[in-house]
file work17.cif (mmCIF, C-alpha atoms)
data_query
#
loop_
_atom_site.group_PDB
_atom_site.id
_atom_site.type_symbol
_atom_site.label_atom_id
_atom_site.label_comp_id
_atom_site.auth_asym_id
_atom_site.auth_seq_id
_atom_site.Cartn_x
_atom_site.Cartn_y
_atom_site.Cartn_z
ATOM 1 C CA MET Y 78 -15.642 -29.406 12.286
ATOM 2 C CA PRO Y 79 -14.423 -26.655 9.933
ATOM 3 C CA GLU Y 80 -16.638 -24.179 11.802
ATOM 4 C CA ARG Y 81 -15.005 -25.116 15.117
ATOM 5 C CA GLN Y 82 -11.565 -24.619 13.601
ATOM 6 C CA THR Y 83 -12.624 -21.234 12.243
ATOM 7 C CA ASP Y 84 -13.965 -20.201 15.660
ATOM 8 C CA ALA Y 85 -10.762 -21.311 17.356
ATOM 9 C CA LEU Y 86 -8.512 -19.332 15.005
ATOM 10 C CA PRO Y 87 -9.068 -15.858 16.613
ATOM 11 C CA LEU Y 88 -8.442 -17.397 20.042
ATOM 12 C CA GLN Y 89 -5.166 -18.907 18.854
ATOM 13 C CA ILE Y 90 -4.066 -15.564 17.395
ATOM 14 C CA THR Y 91 -4.936 -13.803 20.675
ATOM 15 C CA ARG Y 92 -2.950 -16.367 22.677
ATOM 16 C CA ARG Y 93 0.079 -15.923 20.423
ATOM 17 C CA ARG Y 94 -0.075 -12.153 20.872
ATOM 18 C CA TRP Y 95 -0.343 -12.457 24.659
ATOM 19 C CA SER Y 96 2.576 -14.890 24.623
ATOM 20 C CA ARG Y 97 4.727 -12.460 22.614
ATOM 21 C CA GLU Y 98 3.800 -9.577 24.906
ATOM 22 C CA ARG Y 99 4.642 -11.591 28.038
ATOM 23 C CA GLU Y 100 7.969 -12.621 26.508
ATOM 24 C CA PHE Y 101 8.742 -8.997 25.629
ATOM 25 C CA ALA Y 102 7.867 -7.880 29.188
ATOM 26 C CA ARG Y 103 10.032 -10.637 30.653
ATOM 27 C CA ARG Y 104 13.035 -9.654 28.550
ATOM 28 C CA PHE Y 105 12.463 -5.973 29.302
ATOM 29 C CA ARG Y 106 12.481 -6.626 33.066
ATOM 30 C CA ARG Y 107 15.896 -8.229 32.689
ATOM 31 C CA ARG Y 108 17.307 -4.876 31.530
ATOM 32 C CA PRO Y 109 17.904 -2.703 34.645
ATOM 33 C CA ALA Y 110 18.662 0.335 32.487
ATOM 34 C CA GLY Y 111 15.322 -0.067 30.729
ATOM 35 C CA VAL Y 112 13.394 -0.433 33.978
ATOM 36 C CA VAL Y 113 15.029 2.601 35.604
ATOM 37 C CA SER Y 114 14.577 4.726 32.485
ATOM 38 C CA LEU Y 115 10.924 3.689 32.206
ATOM 39 C CA VAL Y 116 10.344 4.699 35.849
ATOM 40 C CA ILE Y 117 11.876 8.135 35.212
ATOM 41 C CA VAL Y 118 9.783 8.573 32.059
ATOM 42 C CA MET Y 119 6.612 7.602 33.961
ATOM 43 C CA VAL Y 120 7.417 10.110 36.722
ATOM 44 C CA VAL Y 121 7.908 12.895 34.185
ATOM 45 C CA LEU Y 122 4.710 11.817 32.431
ATOM 46 C CA PHE Y 123 2.847 11.961 35.755
ATOM 47 C CA PHE Y 124 4.157 15.489 36.346
ATOM 48 C CA ALA Y 125 3.033 16.497 32.848
ATOM 49 C CA LEU Y 126 -0.462 15.033 33.217
ATOM 50 C CA PHE Y 127 -1.142 16.071 36.827
ATOM 51 C CA PRO Y 128 1.045 19.107 37.598
ATOM 52 C CA GLY Y 129 -1.476 20.577 40.031
ATOM 53 C CA PHE Y 130 -1.482 17.371 42.069
ATOM 54 C CA ALA Y 131 2.296 16.853 42.031
ATOM 55 C CA SER Y 132 3.387 20.428 42.747
ATOM 56 C CA THR Y 133 3.495 22.015 46.189
ATOM 57 C CA HIS Y 134 3.063 25.693 45.216
ATOM 58 C CA ASP Y 135 1.633 27.850 42.493
ATOM 59 C CA PRO Y 136 4.471 28.026 39.921
ATOM 60 C CA LEU Y 137 3.698 31.693 39.245
ATOM 61 C CA ALA Y 138 3.272 32.763 42.884
ATOM 62 C CA ILE Y 139 5.906 35.240 44.095
ATOM 63 C CA ASP Y 140 7.190 35.091 47.677
ATOM 64 C CA PRO Y 141 9.730 37.920 48.327
ATOM 65 C CA GLU Y 142 10.791 36.331 51.614
ATOM 66 C CA ALA Y 143 11.902 33.158 49.764
ATOM 67 C CA SER Y 144 13.959 34.999 47.149
ATOM 68 C CA SER Y 145 16.975 32.899 46.082
ATOM 69 C CA VAL Y 146 16.545 30.558 49.041
ATOM 70 C CA GLY Y 147 18.168 27.109 48.891
ATOM 71 C CA PRO Y 148 16.391 23.778 49.443
ATOM 72 C CA THR Y 149 14.168 23.833 52.545
ATOM 73 C CA TRP Y 150 11.238 21.820 53.861
ATOM 74 C CA GLU Y 151 8.876 24.386 52.359
ATOM 75 C CA HIS Y 152 10.736 24.807 49.054
ATOM 76 C CA TRP Y 153 12.210 21.394 48.235
ATOM 77 C CA PHE Y 154 14.341 22.661 45.335
ATOM 78 C CA GLY Y 155 14.696 26.210 46.622
ATOM 79 C CA ALA Y 156 13.284 29.320 44.944
ATOM 80 C CA ASP Y 157 14.371 31.672 42.177
ATOM 81 C CA LYS Y 158 15.373 35.317 42.464
ATOM 82 C CA ILE Y 159 11.789 36.555 42.877
ATOM 83 C CA GLY Y 160 10.698 33.769 45.221
ATOM 84 C CA ARG Y 161 8.942 31.337 42.870
ATOM 85 C CA ASP Y 162 9.134 27.699 43.989
ATOM 86 C CA SER Y 163 11.621 25.857 41.766
ATOM 87 C CA TYR Y 164 10.162 22.377 42.334
ATOM 88 C CA SER Y 165 6.682 23.473 41.281
ATOM 89 C CA ARG Y 166 8.056 25.218 38.200
ATOM 90 C CA ILE Y 167 9.968 22.070 37.214
ATOM 91 C CA VAL Y 168 6.800 19.991 37.628
ATOM 92 C CA HIS Y 169 4.745 22.344 35.455
ATOM 93 C CA GLY Y 170 7.608 22.649 32.977
ATOM 94 C CA ALA Y 171 7.423 18.886 32.382
ATOM 95 C CA ARG Y 172 4.165 19.411 30.470
ATOM 96 C CA THR Y 173 5.856 21.827 28.061
ATOM 97 C CA ALA Y 174 8.859 19.525 27.591
ATOM 98 C CA LEU Y 175 6.818 16.406 26.849
ATOM 99 C CA LEU Y 176 4.296 18.299 24.731
ATOM 100 C CA VAL Y 177 7.078 19.616 22.518
ATOM 101 C CA GLY Y 178 8.707 16.191 22.380
ATOM 102 C CA LEU Y 179 5.567 14.267 21.451
ATOM 103 C CA ILE Y 180 4.153 16.752 18.942
ATOM 104 C CA SER Y 181 7.458 17.413 17.187
ATOM 105 C CA VAL Y 182 8.119 13.680 16.895
ATOM 106 C CA GLY Y 183 4.536 13.246 15.685
ATOM 107 C CA ILE Y 184 5.153 15.807 12.943
ATOM 108 C CA GLY Y 185 8.393 14.101 11.925
ATOM 109 C CA VAL Y 186 6.819 10.633 11.850
ATOM 110 C CA GLY Y 187 3.576 11.827 10.244
ATOM 111 C CA ILE Y 188 5.427 13.290 7.260
ATOM 112 C CA GLY Y 189 8.665 11.314 7.210
ATOM 113 C CA LEU Y 190 7.071 7.842 7.458
ATOM 114 C CA PRO Y 191 4.827 7.999 4.347
ATOM 115 C CA TYR Y 192 7.527 9.917 2.479
ATOM 116 C CA GLY Y 193 10.145 7.270 3.233
ATOM 117 C CA LEU Y 194 7.690 4.455 2.478
ATOM 118 C CA LEU Y 195 6.897 5.875 -0.941
ATOM 119 C CA ALA Y 196 10.526 6.641 -1.797
ATOM 120 C CA GLY Y 197 11.750 3.191 -0.778
ATOM 121 C CA TYR Y 198 8.914 1.374 -2.536
ATOM 122 C CA LEU Y 199 9.173 3.296 -5.816
ATOM 123 C CA GLY Y 200 12.954 2.981 -6.015
ATOM 124 C CA GLY Y 201 15.012 4.060 -9.001
ATOM 125 C CA ARG Y 202 15.173 7.684 -10.083
ATOM 126 C CA LYS Y 203 12.061 8.651 -8.113
ATOM 127 C CA ASP Y 204 13.649 7.387 -4.920
ATOM 128 C CA GLU Y 205 16.875 9.180 -5.809
ATOM 129 C CA ALA Y 206 15.118 12.508 -6.416
ATOM 130 C CA MET Y 207 12.962 12.277 -3.288
ATOM 131 C CA MET Y 208 15.868 11.413 -1.008
ATOM 132 C CA ARG Y 209 18.105 14.181 -2.398
ATOM 133 C CA LEU Y 210 15.534 16.640 -1.038
ATOM 134 C CA MET Y 211 15.764 14.975 2.373
ATOM 135 C CA ASP Y 212 19.557 15.050 2.175
ATOM 136 C CA ALA Y 213 19.417 18.790 1.531
ATOM 137 C CA LEU Y 214 17.382 19.287 4.718
ATOM 138 C CA TYR Y 215 19.564 16.847 6.631
ATOM 139 C CA ALA Y 216 22.688 18.790 5.662
ATOM 140 C CA TYR Y 217 21.611 21.748 7.821
ATOM 141 C CA PRO Y 218 22.636 21.588 11.492
ATOM 142 C CA ALA Y 219 19.519 20.725 13.488
ATOM 143 C CA LEU Y 220 19.480 23.815 15.697
ATOM 144 C CA LEU Y 221 20.246 26.116 12.785
ATOM 145 C CA LEU Y 222 17.390 24.645 10.731
ATOM 146 C CA ALA Y 223 15.034 25.079 13.694
ATOM 147 C CA LEU Y 224 16.121 28.706 14.062
ATOM 148 C CA VAL Y 225 15.473 29.325 10.353
ATOM 149 C CA VAL Y 226 11.954 27.895 10.632
ATOM 150 C CA ILE Y 227 11.225 29.969 13.747
ATOM 151 C CA ALA Y 228 12.565 33.080 12.024
ATOM 152 C CA VAL Y 229 10.096 32.489 9.197
ATOM 153 C CA LEU Y 230 7.079 31.525 11.329
ATOM 154 C CA GLY Y 231 7.704 33.679 14.405
ATOM 155 C CA SER Y 232 8.563 32.967 18.029
ATOM 156 C CA SER Y 233 5.975 30.875 19.874
ATOM 157 C CA LEU Y 234 5.715 27.458 21.490
ATOM 158 C CA VAL Y 235 3.630 26.110 18.592
ATOM 159 C CA ASN Y 236 6.224 27.263 16.076
ATOM 160 C CA VAL Y 237 8.974 25.648 18.157
ATOM 161 C CA MET Y 238 7.114 22.325 17.850
ATOM 162 C CA ILE Y 239 6.792 22.811 14.089
ATOM 163 C CA ALA Y 240 10.460 23.778 13.763
ATOM 164 C CA ILE Y 241 11.714 20.720 15.652
ATOM 165 C CA GLY Y 242 9.255 18.557 13.710
ATOM 166 C CA VAL Y 243 10.719 19.827 10.419
ATOM 167 C CA VAL Y 244 14.180 18.872 11.698
ATOM 168 C CA PHE Y 245 12.912 15.325 12.309
ATOM 169 C CA ILE Y 246 11.318 14.788 8.876
ATOM 170 C CA PRO Y 247 14.485 13.818 6.933
ATOM 171 C CA LEU Y 248 15.678 11.614 9.798
ATOM 172 C CA TYR Y 249 12.514 9.497 9.851
ATOM 173 C CA ALA Y 250 12.283 9.497 6.062
ATOM 174 C CA ARG Y 251 15.783 8.003 5.826
ATOM 175 C CA VAL Y 252 15.097 5.394 8.537
ATOM 176 C CA VAL Y 253 11.803 4.312 6.967
ATOM 177 C CA ARG Y 254 13.199 4.312 3.434
ATOM 178 C CA GLY Y 255 16.029 1.972 4.427
ATOM 179 C CA SER Y 256 13.632 -0.435 6.147
ATOM 180 C CA THR Y 257 11.248 -0.295 3.186
ATOM 181 C CA LEU Y 258 13.966 -1.244 0.724
ATOM 182 C CA SER Y 259 14.530 -4.405 2.757
ATOM 183 C CA ALA Y 260 10.879 -5.179 3.521
ATOM 184 C CA LYS Y 261 9.610 -4.892 -0.038
ATOM 185 C CA GLU Y 262 11.805 -7.835 -1.087
ATOM 186 C CA ASN Y 263 10.054 -10.234 1.305
ATOM 187 C CA ASP Y 264 8.082 -13.098 -0.230
ATOM 188 C CA TYR Y 265 4.720 -12.019 1.157
ATOM 189 C CA VAL Y 266 5.103 -8.577 -0.423
ATOM 190 C CA LEU Y 267 5.995 -10.126 -3.769
ATOM 191 C CA ALA Y 268 3.027 -12.503 -3.429
ATOM 192 C CA ALA Y 269 0.655 -9.609 -2.707
ATOM 193 C CA LEU Y 270 2.024 -7.769 -5.720
ATOM 194 C CA ALA Y 271 1.512 -10.856 -7.911
ATOM 195 C CA MET Y 272 -2.103 -11.103 -6.721
ATOM 196 C CA GLY Y 273 -2.747 -7.578 -7.961
ATOM 197 C CA ALA Y 274 -2.691 -5.671 -4.677
ATOM 198 C CA GLY Y 275 -2.438 -1.909 -5.089
ATOM 199 C CA THR Y 276 0.472 0.231 -3.946
ATOM 200 C CA ALA Y 277 -1.402 1.720 -0.961
ATOM 201 C CA ARG Y 278 -2.480 -1.713 0.273
ATOM 202 C CA ILE Y 279 1.024 -3.152 0.003
ATOM 203 C CA LEU Y 280 2.634 -0.162 1.725
ATOM 204 C CA PHE Y 281 0.286 0.204 4.679
ATOM 205 C CA ARG Y 282 -0.787 -3.419 5.165
ATOM 206 C CA HIS Y 283 2.397 -5.345 4.434
ATOM 207 C CA VAL Y 284 5.381 -2.971 4.582
ATOM 208 C CA THR Y 285 4.457 -0.509 7.345
ATOM 209 C CA PRO Y 286 4.272 -3.122 10.173
ATOM 210 C CA ASN Y 287 7.860 -4.099 9.365
ATOM 211 C CA VAL Y 288 9.227 -0.537 9.616
ATOM 212 C CA LEU Y 289 7.475 0.457 12.850
ATOM 213 C CA ALA Y 290 10.119 -1.068 15.156
ATOM 214 C CA PRO Y 291 12.992 1.210 14.036
ATOM 215 C CA VAL Y 292 10.603 4.157 13.948
ATOM 216 C CA LEU Y 293 9.555 3.455 17.545
ATOM 217 C CA VAL Y 294 13.180 3.311 18.657
ATOM 218 C CA GLN Y 295 14.022 6.516 16.804
ATOM 219 C CA ALA Y 296 10.937 8.226 18.268
ATOM 220 C CA SER Y 297 12.120 7.480 21.816
ATOM 221 C CA LEU Y 298 15.506 8.995 21.012
ATOM 222 C CA GLY Y 299 13.812 11.885 19.205
ATOM 223 C CA ILE Y 300 11.786 12.904 22.241
ATOM 224 C CA GLY Y 301 15.002 13.307 24.213
ATOM 225 C CA PHE Y 302 16.507 15.454 21.470
ATOM 226 C CA ALA Y 303 13.326 17.542 21.249
ATOM 227 C CA ILE Y 304 13.449 18.236 24.997
ATOM 228 C CA ILE Y 305 17.031 19.485 24.685
ATOM 229 C CA ALA Y 306 16.141 21.546 21.608
ATOM 230 C CA GLU Y 307 13.152 23.147 23.334
ATOM 231 C CA ALA Y 308 15.245 23.967 26.394
ATOM 232 C CA GLY Y 309 17.959 25.457 24.188
ATOM 233 C CA LEU Y 310 15.488 27.567 22.200
ATOM 234 C CA ALA Y 311 13.778 28.717 25.405
ATOM 235 C CA TYR Y 312 17.208 29.654 26.769
ATOM 236 C CA LEU Y 313 17.661 31.859 23.690
ATOM 237 C CA GLY Y 314 14.328 33.539 24.387
ATOM 238 C CA LEU Y 315 12.352 31.610 21.749
ATOM 239 C CA GLY Y 316 9.340 29.397 22.337
ATOM 240 C CA THR Y 317 7.991 29.440 25.894
ATOM 241 C CA GLN Y 318 7.754 32.995 27.161
ATOM 242 C CA PRO Y 319 7.871 34.194 30.790
ATOM 243 C CA PRO Y 320 6.232 33.780 33.204
ATOM 244 C CA ASP Y 321 5.180 30.323 31.919
ATOM 245 C CA PRO Y 322 7.454 27.670 33.457
ATOM 246 C CA SER Y 323 9.990 25.985 31.188
ATOM 247 C CA TRP Y 324 13.194 24.165 32.044
ATOM 248 C CA GLY Y 325 15.107 26.251 29.510
ATOM 249 C CA THR Y 326 13.807 29.580 30.795
ATOM 250 C CA MET Y 327 14.642 28.520 34.355
ATOM 251 C CA LEU Y 328 18.251 28.018 33.292
ATOM 252 C CA LYS Y 329 18.252 31.361 31.511
ATOM 253 C CA ASP Y 330 16.803 33.222 34.503
ATOM 254 C CA SER Y 331 19.357 31.708 36.894
ATOM 255 C CA GLN Y 332 22.414 32.364 34.723
ATOM 256 C CA ARG Y 333 23.271 35.750 36.213
ATOM 257 C CA PHE Y 334 23.093 34.437 39.778
ATOM 258 C CA LEU Y 335 25.267 31.323 39.403
ATOM 259 C CA PRO Y 336 28.242 32.753 41.388
ATOM 260 C CA THR Y 337 26.060 33.478 44.428
ATOM 261 C CA ASN Y 338 23.254 30.891 44.178
ATOM 262 C CA ALA Y 339 23.525 27.909 41.852
ATOM 263 C CA TRP Y 340 20.478 26.009 43.150
ATOM 264 C CA PRO Y 341 17.963 27.513 40.665
ATOM 265 C CA ALA Y 342 20.179 26.235 37.821
ATOM 266 C CA ILE Y 343 21.205 22.873 39.285
ATOM 267 C CA PHE Y 344 17.753 21.332 39.639
ATOM 268 C CA PRO Y 345 16.330 22.136 36.182
ATOM 269 C CA GLY Y 346 19.679 21.165 34.640
ATOM 270 C CA VAL Y 347 19.680 17.805 36.429
ATOM 271 C CA THR Y 348 16.030 17.298 35.427
ATOM 272 C CA ILE Y 349 16.868 17.826 31.748
ATOM 273 C CA VAL Y 350 19.841 15.449 31.963
ATOM 274 C CA LEU Y 351 17.886 12.683 33.706
ATOM 275 C CA THR Y 352 14.875 12.984 31.401
ATOM 276 C CA VAL Y 353 16.893 12.964 28.186
ATOM 277 C CA LEU Y 354 19.113 10.143 29.479
ATOM 278 C CA ALA Y 355 16.005 8.104 30.364
ATOM 279 C CA PHE Y 356 14.534 8.471 26.862
ATOM 280 C CA ASN Y 357 17.879 7.629 25.251
ATOM 281 C CA LEU Y 358 18.381 4.531 27.403
ATOM 282 C CA LEU Y 359 14.801 3.465 26.757
ATOM 283 C CA GLY Y 360 15.405 3.804 23.032
ATOM 284 C CA ASP Y 361 18.580 1.718 23.262
ATOM 285 C CA VAL Y 362 16.791 -1.039 25.182
ATOM 286 C CA LEU Y 363 13.874 -1.070 22.742
ATOM 287 C CA ARG Y 364 16.321 -1.311 19.855
ATOM 288 C CA ASP Y 365 17.980 -4.345 21.428
ATOM 289 C CA LEU Y 366 14.667 -6.046 22.178
ATOM 290 C CA LEU Y 367 13.001 -5.323 18.837
ATOM 291 C CA ASP Y 368 15.977 -6.133 16.616
ATOM 292 C CA PRO Y 369 15.739 -9.843 15.668
ATOM 293 C CA ARG Y 370 19.521 -10.014 15.213
ATOM 294 C CA LEU Y 371 20.058 -9.091 18.878
ATOM 295 C CA ARG Y 372 17.395 -11.282 20.478
ATOM 296 C CA GLY Y 373 19.735 -14.198 20.854
ATOM 297 C CA ALA Y 374 21.833 -12.143 23.287
ATOM 298 C CA ASP Y 375 19.103 -12.487 25.879
#
call {"tool": "encode", "arguments": {"input": "work17.cif", "output": "structure tokens"}}
result
Amino acid sequence: MPERQTDALPLQITRRRWSREREFARRFRRRPAGVVSLVIVMVVLFFALFPGFASTHDPLAIDPEASSVGPTWEHWFGADKIGRDSYSRIVHGARTALLVGLISVGIGVGIGLPYGLLAGYLGGRKDEAMMRLMDALYAYPALLLALVVIAVLGSSLVNVMIAIGVVFIPLYARVVRGSTLSAKENDYVLAALAMGAGTARILFRHVTPNVLAPVLVQASLGIGFAIIAEAGLAYLGLGTQPPDPSWGTMLKDSQRFLPTNAWPAIFPGVTIVLTVLAFNLLGDVLRDLLDPRLRGAD
């Protein structure tokens, strides 16, 4: 009989997990903003993963006859001043935008999460000293800090990812530290400590699962910010260099021609707005669904 109960335990755990996932999916479907934002994110992700399949032209191909043309059946979003198809360049630029967003957020989480965990768990003067360093970084305006990092490392797409990732480190460290201060007071953490569990085991086995929800929400918001930051740095001539497609460089190239032909600026601008708005709305919905204090509202 005990053996049967032991065998049934993994099945019961699996059923509970499936039940929680179905409940989460049900509550998510009841949020129209979340559904629409997820669809937009999936479309952008499809463009990033399969740009050759989604685009209609070579993004680097020059067609003099289509120079500065508006939307047509052949060029859905028109063409830029030298005849490159704007739709295809937006599709291929999605890979750069998402790559910067994911890697920069990964850098911020990869460094900020363990840093915040350790600071919050140690507490006292060690916590105070560690967080004052994060406050010093956080005091710099985000774009200015990114420009300083790029000035030190040099102008390239990889360095743009590193620069934005450095901007994210204090943000995630502060979020994780606050959650850790609350989580480490739970009974199961105190019980593990009383049983002689080491610091690493307590942090990554017992505390980390409880801080992942706010980190996930912040990561969704962070990707949107990273896309804006990359576009802004590309507009300044940093990061992605011509002729590689980037939403920021498309805006920069079309700036001089706005009085006569605004189409090359409208479509990449709208794409940036919709993509960032989708990630922000998705983050807001995830926050509402993952926060236990807000679950009763559903």
call {"tool": "closest_residue", "arguments": {"input": "work17.cif", "among": "Y:Val112, Y:Val146, Y:Ala296, Y:Val121", "to": "Y:Thr337", "atoms": "only C-alpha atoms"}}
result
Y:Val146
call {"tool": "residues_around", "arguments": {"input": "work17.cif", "residues": "stretch 357-366 of chain Y", "least_positions_apart": "2", "cutoff": "12 Å", "atoms": "only C-alpha atoms", "output": "number ranges by chain"}}
result
Y: 97-98, 100-119, 289-305, 350-355, 368-375
call {"tool": "atom_distance", "arguments": {"input": "work17.cif", "atom1": "atom CA of Y:Ala311", "atom2": "atom CA of Y:Leu328"}}
result
9.1 Å
call {"tool": "resolve_selection", "arguments": {"input": "work17.cif", "expression": "the PyMOL selection byres ((chain Y and resi 245-248) around 7)", "output": "list in words"}}
result
Val182, Gly185, Val186, Ile188, Gly189, Met211, Leu214, Tyr215, Ile241, Gly242, Val243, Val244, Tyr249, Ala250, Arg251 and Val252 of chain Y
call {"tool": "resolve_selection", "arguments": {"input": "work17.cif", "expression": "the PyMOL selection byres ((chain Y and resi 330-333) around 12)", "output": "JSON, numbers by chain"}}
result
{"Y": [145, 156, 157, 158, 159, 161, 163, 311, 312, 313, 314, 318, 319, 320, 322, 323, 324, 325, 326, 327, 328, 329, 334, 335, 336, 337, 338, 339, 340, 341, 342, 343, 344, 345, 346]}
call {"tool": "residues_around", "arguments": {"input": "work17.cif", "residues": "Y:Gly160", "least_positions_apart": "6", "cutoff": "9 Å", "atoms": "only C-alpha atoms", "output": "list in words"}}
result
Ala138, Ile139, Asp140, Pro141, Glu142, Ala143, Ser144, Ser145 and Val146 of chain Y
call {"tool": "atom_distance", "arguments": {"input": "work17.cif", "atom1": "atom CA of Y:Ala213", "atom2": "atom CA of Y:Leu190"}}
result
17.5 Å
call {"tool": "closest_residue", "arguments": {"input": "work17.cif", "among": "Y:Leu194, Y:Leu179, Y:Met272, Y:Leu315", "to": "Y:Val226", "atoms": "all atoms listed in the file"}}
result
Y:Leu315
call {"tool": "resolve_selection", "arguments": {"input": "work17.cif", "expression": "the PyMOL selection byres ((chain Y and resi 128) around 10)", "output": "list in words"}}
result
Val121, Leu122, Phe123, Phe124, Ala125, Leu126, Phe127, Gly129, Phe130, Ala131, Ser132, Thr133, Pro136, Ser165, Arg166, Ile167, Val168, His169, Gly170, Ala171 and Arg172 of chain Y
call {"tool": "residues_around", "arguments": {"input": "work17.cif", "residues": "stretch 263-271 of chain Y", "least_positions_apart": "5", "cutoff": "12 Å", "atoms": "only C-alpha atoms", "output": "compact mmCIF listing (two decimals) with C-alpha atoms, in the coordinates of the input"}}
result
# COMPACT_ATOMS: atom_id res chain seq x y z
CA TYR Y 198 8.91 1.37 -2.54
CA SER Y 256 13.63 -0.44 6.15
CA THR Y 257 11.25 -0.30 3.19
CA LEU Y 258 13.97 -1.24 0.72
CA THR Y 276 0.47 0.23 -3.95
CA ALA Y 277 -1.40 1.72 -0.96
CA ARG Y 278 -2.48 -1.71 0.27
CA ILE Y 279 1.02 -3.15 0.00
CA LEU Y 280 2.63 -0.16 1.72
CA PHE Y 281 0.29 0.20 4.68
CA ARG Y 282 -0.79 -3.42 5.16
CA HIS Y 283 2.40 -5.34 4.43
CA VAL Y 284 5.38 -2.97 4.58
CA THR Y 285 4.46 -0.51 7.34
CA PRO Y 286 4.27 -3.12 10.17
CA ASN Y 287 7.86 -4.10 9.36
call {"tool": "closest_residue", "arguments": {"input": "work17.cif", "among": "Y:Gly316, Y:Gly147, Y:Pro191, Y:Gly200", "to": "Y:Ala228", "atoms": "all atoms listed in the file"}}
result
Y:Gly316
call {"tool": "atom_distance", "arguments": {"input": "work17.cif", "atom1": "atom CA of Y:Gly178", "atom2": "atom CA of Y:Ala240"}}
result
11.6 Å
call {"tool": "residues_around", "arguments": {"input": "work17.cif", "residues": "Y:Val225", "least_positions_apart": "3", "cutoff": "12 Å", "atoms": "all atoms listed in the file", "output": "ChimeraX atom specification"}}
result
/Y:214,217-222,228-232,236-237,239-241,243-244,310
call {"tool": "closest_residue", "arguments": {"input": "work17.cif", "among": "Y:Ser233, Y:Thr173, Y:Ser181, Y:Ser259", "to": "Y:Gly197", "atoms": "all atoms listed in the file"}}
result
Y:Ser259
call {"tool": "build_atoms", "arguments": {"input": "work17.cif", "residues": "stretch 208-222 of chain Y", "atoms": "N, CA and C atoms", "output": "compact mmCIF listing (two decimals), in the coordinates of the input"}}
result
# COMPACT_ATOMS: atom_id res chain seq x y z
N MET Y 208 14.93 11.45 -2.12
CA MET Y 208 15.87 11.41 -1.01
C MET Y 208 16.92 12.52 -1.10
N ARG Y 209 17.18 13.05 -2.31
CA ARG Y 209 18.10 14.18 -2.40
C ARG Y 209 17.51 15.40 -1.71
N LEU Y 210 16.18 15.55 -1.76
CA LEU Y 210 15.53 16.64 -1.04
C LEU Y 210 15.71 16.47 0.47
N MET Y 211 15.56 15.24 0.95
CA MET Y 211 15.76 14.98 2.37
C MET Y 211 17.23 15.19 2.77
N ASP Y 212 18.14 14.83 1.88
CA ASP Y 212 19.56 15.05 2.17
C ASP Y 212 19.88 16.53 2.28
N ALA Y 213 19.20 17.34 1.46
CA ALA Y 213 19.42 18.79 1.53
C ALA Y 213 18.98 19.33 2.88
N LEU Y 214 17.84 18.86 3.39
CA LEU Y 214 17.38 19.29 4.72
C LEU Y 214 18.29 18.73 5.81
N TYR Y 215 18.74 17.50 5.62
CA TYR Y 215 19.56 16.85 6.63
C TYR Y 215 20.95 17.48 6.74
N ALA Y 216 21.36 18.17 5.67
CA ALA Y 216 22.69 18.79 5.66
C ALA Y 216 22.77 19.98 6.61
N TYR Y 217 21.62 20.61 6.90
CA TYR Y 217 21.61 21.75 7.82
C TYR Y 217 21.80 21.25 9.25
N PRO Y 218 22.60 21.91 10.06
CA PRO Y 218 22.64 21.59 11.49
C PRO Y 218 21.24 21.72 12.09
N ALA Y 219 20.89 20.81 12.98
CA ALA Y 219 19.52 20.72 13.49
C ALA Y 219 19.06 22.04 14.13
N LEU Y 220 19.88 22.59 15.01
CA LEU Y 220 19.48 23.82 15.70
C LEU Y 220 19.38 24.99 14.73
N LEU Y 221 20.29 25.03 13.77
CA LEU Y 221 20.25 26.12 12.78
C LEU Y 221 18.99 26.03 11.93
N LEU Y 222 18.62 24.82 11.52
CA LEU Y 222 17.39 24.64 10.73
C LEU Y 222 16.17 25.05 11.55
